[in-house]
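These notes concern the structure reproduced below.
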Amino acid sequence: GFGSWALEDRASGEWVGRMGLHRPEPWPETELAYMLDAPFQKKGYGVEAGQVALAWARSALGLTRLVSFIHPQNAPSQALARRLGAKREEKTFAISGVTCDVWAYAL
């Protein structure tokens, strides 16, 4: 019942990135997953799309919590998670052998 949305610049139609909900096996929780192309980072696209995704998860799906699994050295993703209200938890989750921090959003 959910997946990622393509993000594009309204003026140019240029592809900006993707954002959406993700929960493949063996994910322990539903993830707010995102990727923005480098030229579009720190320009508000992630915040705008993230706010819409969080509101949709709450209103349409009735979710009360989402997480983002973020590599400890991925400062841009950590900054976006913070701006969207996530808090880093004291636990990790390994994805394909890569240990990621768990950032939680209370909806």
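Here, A, B, ... name the chains of the structure tokens in the order displayed, residue numbers run from 1 inside each chain, and ligands are numbered from 1 in the same displayed order.
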Legend entry - Residue contacts of Ala49 (chain A) (9 Å, only C-alpha atoms) excluding same-chain residues fewer than 5 positions away, as a ChimeraX atom specification: /A:7,18-20,44,54
Export of the given selection (C-alpha atoms) as a JSON list (two decimals), in the first residue's frame:
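Written out: again-v6.json:
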```json
[["chain", "number", "residue", "atom", "x", "y", "z"],
["A", 7, "LEU", "CA", 10.50, 14.35, -6.65],
["A", 18, "ARG", "CA", 12.81, 10.24, -4.34],
["A", 19, "MET", "CA", 11.05, 9.93, -1.01],
["A", 20, "GLY", "CA", 8.51, 7.57, 0.43],
["A", 44, "GLY", "CA", 14.10, 22.73, 0.95],
["A", 54, "LEU", "CA", 4.94, 12.18, 7.32]]
```
Inset, instruction - Do a neighbour search on region 29-43 of chain A at 6 Å with only C-alpha atoms, toss out local chain neighbours closer than 4 positions, and write the hits as number ranges by chain. - result: A: 16-23, 66-68
Inset, instruction - Determine, counting only C-alpha atoms, which protein, DNA and RNA residues have an atom within 8 Å of an atom of Val98 (chain A); residues of the same chain fewer than 3 positions away are not included. Present the result as a list of chain:residue names. - result: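 Within the cut-off, the hits are A:His71, A:Ala94, A:Ile95.
With only C-alpha atoms as the basis for measurement, A:Gly85 is the residue among A:Gly97, A:Gly1, A:Gly85, A:Gly13 that approaches Gly50 (chain A) most closely.
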Inset, instruction - Within 10 Å of Leu63 (chain A), counting only C-alpha atoms, which residues show up once you throw out same-chain ones fewer than 6 positions away? Write them as a ChimeraX atom specification, please. - result: /A:30,54-57,106-107
Legend entry - Long-range neighbours of Ala86 (chain A) as a PyMOL selection string, 6 Å cut-off, only C-alpha atoms, 4 positions minimum in chain: chain A and resi 81-82+103-105
Write down as a compact mmCIF listing (two decimals) with N, CA and C atoms, in the first residue's frame the residues of chain A whose backbone DSSP state falls under strand (DSSP E).
```txt
# COMPACT_ATOMS: atom_id res chain seq x y z
N SER A 4 7.77 4.73 -2.92
CA SER A 4 8.46 6.01 -3.07
C SER A 4 7.81 6.86 -4.14
N TRP A 5 7.89 8.18 -3.95
CA TRP A 5 7.45 9.15 -4.93
C TRP A 5 8.67 9.76 -5.60
N ALA A 6 8.57 10.02 -6.88
CA ALA A 6 9.61 10.77 -7.57
C ALA A 6 9.43 12.24 -7.22
N LEU A 7 10.53 12.92 -6.95
CA LEU A 7 10.50 14.35 -6.65
C LEU A 7 11.06 15.10 -7.84
N GLU A 8 10.37 16.16 -8.23
CA GLU A 8 10.89 16.95 -9.34
C GLU A 8 10.70 18.43 -9.06
N TRP A 15 14.38 16.04 -12.41
CA TRP A 15 14.32 15.06 -11.33
C TRP A 15 15.21 15.51 -10.17
N VAL A 16 14.63 15.53 -8.97
CA VAL A 16 15.33 15.98 -7.76
C VAL A 16 15.78 14.79 -6.92
N GLY A 17 14.94 13.76 -6.85
CA GLY A 17 15.24 12.60 -6.02
C GLY A 17 13.99 11.78 -5.80
N ARG A 18 13.99 11.06 -4.68
CA ARG A 18 12.81 10.24 -4.34
C ARG A 18 12.61 10.27 -2.83
N MET A 19 11.38 10.02 -2.43
CA MET A 19 11.05 9.93 -1.01
C MET A 19 9.78 9.11 -0.88
N GLY A 20 9.72 8.33 0.19
CA GLY A 20 8.51 7.57 0.43
C GLY A 20 8.70 6.57 1.54
N LEU A 21 7.71 5.73 1.69
CA LEU A 21 7.73 4.73 2.75
C LEU A 21 8.19 3.40 2.18
N HIS A 22 8.91 2.66 3.01
CA HIS A 22 9.62 1.48 2.56
C HIS A 22 9.62 0.47 3.71
N GLU A 31 10.00 2.50 7.11
CA GLU A 31 11.03 3.53 7.00
C GLU A 31 10.56 4.67 6.10
N LEU A 32 10.87 5.90 6.52
CA LEU A 32 10.80 7.04 5.64
C LEU A 32 12.15 7.08 4.93
N ALA A 33 12.16 6.67 3.67
CA ALA A 33 13.41 6.56 2.91
C ALA A 33 13.46 7.69 1.89
N TYR A 34 14.64 8.26 1.72
CA TYR A 34 14.78 9.36 0.78
C TYR A 34 16.18 9.40 0.20
N MET A 35 16.25 10.02 -0.98
CA MET A 35 17.52 10.25 -1.66
C MET A 35 17.33 11.49 -2.52
N LEU A 36 18.16 12.48 -2.31
CA LEU A 36 18.12 13.69 -3.12
C LEU A 36 19.41 13.81 -3.89
N ARG A 65 4.42 5.97 14.06
CA ARG A 65 5.88 6.00 14.14
C ARG A 65 6.46 5.55 12.80
N LEU A 66 7.51 6.23 12.40
CA LEU A 66 8.33 5.85 11.25
C LEU A 66 9.78 5.94 11.69
N VAL A 67 10.65 5.32 10.94
CA VAL A 67 12.08 5.43 11.21
C VAL A 67 12.80 5.71 9.89
N SER A 68 14.02 6.21 10.00
CA SER A 68 14.94 6.28 8.87
C SER A 68 16.21 5.59 9.32
N PHE A 69 16.73 4.70 8.50
CA PHE A 69 17.99 4.02 8.79
C PHE A 69 19.09 4.79 8.05
N ILE A 70 19.95 5.45 8.80
CA ILE A 70 20.92 6.38 8.22
C ILE A 70 22.34 5.99 8.61
N LYS A 87 14.47 11.83 15.98
CA LYS A 87 15.45 11.74 17.06
C LYS A 87 16.25 10.45 16.86
N ARG A 88 17.57 10.56 17.02
CA ARG A 88 18.43 9.38 16.90
C ARG A 88 18.25 8.51 18.13
N GLU A 89 18.01 7.23 17.90
CA GLU A 89 17.85 6.29 19.01
C GLU A 89 19.18 5.60 19.28
N GLU A 90 19.28 4.96 20.41
CA GLU A 90 20.50 4.26 20.81
C GLU A 90 20.49 2.82 20.32
N LYS A 91 20.13 2.65 19.06
CA LYS A 91 20.17 1.32 18.46
C LYS A 91 20.54 1.46 17.00
N THR A 92 20.92 0.35 16.40
CA THR A 92 21.33 0.34 15.01
C THR A 92 20.59 -0.78 14.28
N PHE A 93 20.70 -0.75 12.95
CA PHE A 93 20.10 -1.78 12.11
C PHE A 93 21.06 -1.99 10.95
N ALA A 94 21.38 -3.25 10.66
CA ALA A 94 22.30 -3.56 9.57
C ALA A 94 21.53 -3.82 8.28
N ILE A 95 21.92 -3.11 7.23
CA ILE A 95 21.32 -3.27 5.91
C ILE A 95 22.42 -3.73 4.97
N VAL A 98 25.82 -3.24 6.25
CA VAL A 98 26.19 -1.87 6.64
C VAL A 98 25.36 -1.46 7.85
N THR A 99 26.03 -1.08 8.92
CA THR A 99 25.33 -0.69 10.14
C THR A 99 24.86 0.75 10.03
N CYS A 100 23.57 0.94 10.26
CA CYS A 100 22.95 2.27 10.19
C CYS A 100 22.36 2.64 11.53
N ASP A 101 22.34 3.93 11.82
CA ASP A 101 21.68 4.43 13.01
C ASP A 101 20.16 4.47 12.75
N VAL A 102 19.39 4.33 13.82
CA VAL A 102 17.94 4.39 13.72
C VAL A 102 17.50 5.78 14.17
N TRP A 103 16.82 6.49 13.29
CA TRP A 103 16.24 7.80 13.58
C TRP A 103 14.74 7.63 13.57
N ALA A 104 14.06 8.05 14.65
CA ALA A 104 12.62 7.80 14.79
C ALA A 104 11.81 9.08 14.72
N TYR A 105 10.69 8.97 14.03
CA TYR A 105 9.72 10.07 13.90
C TYR A 105 8.46 9.66 14.68
N ALA A 106 8.06 10.45 15.65
CA ALA A 106 6.79 10.22 16.35
C ALA A 106 5.72 10.98 15.58
```
Inset, instruction - With a distance cut-off of 12 Å and only C-alpha atoms, select the neighbouring residues of Ser96 (chain A), excluding the residue or stretch itself and same-chain residues fewer than 5 positions from it, and output the selection as number ranges by chain. - result: A: 25-27
Legend entry - Residue list (helix (DSSP H, G or I), DSSP) for region 1-61 of chain A, as a PyMOL selection string: chain A and resi 38-40+45-59
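We find CA of Pro28 (chain A) and CA of Arg58 (chain A) to be spaced 18.4 Å apart.
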Legend entry - Among listed residues A:Leu61, A:Leu84, A:Ala75, A:Val52, nearest Phe2 (chain A) (using only C-alpha atoms):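 The closest residue to Phe2 (chain A) is A:Leu61.
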Inset, instruction - Would you please work out which residue, of A:Asp9, A:Ala60, A:Gln51, A:Gly46, is nearest to Ser77 (chain A) when using only C-alpha atoms? - result: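 When distances to Ser77 (chain A) are compared using only C-alpha atoms, the smallest one comes from A:Gly46.
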Inset, instruction - Would you mind telling me which residue in A:Gly62, A:Glu48, A:Ser12, A:Gly3 lies nearest to Arg83 (chain A) when using only C-alpha atoms? - result: A:Glu48
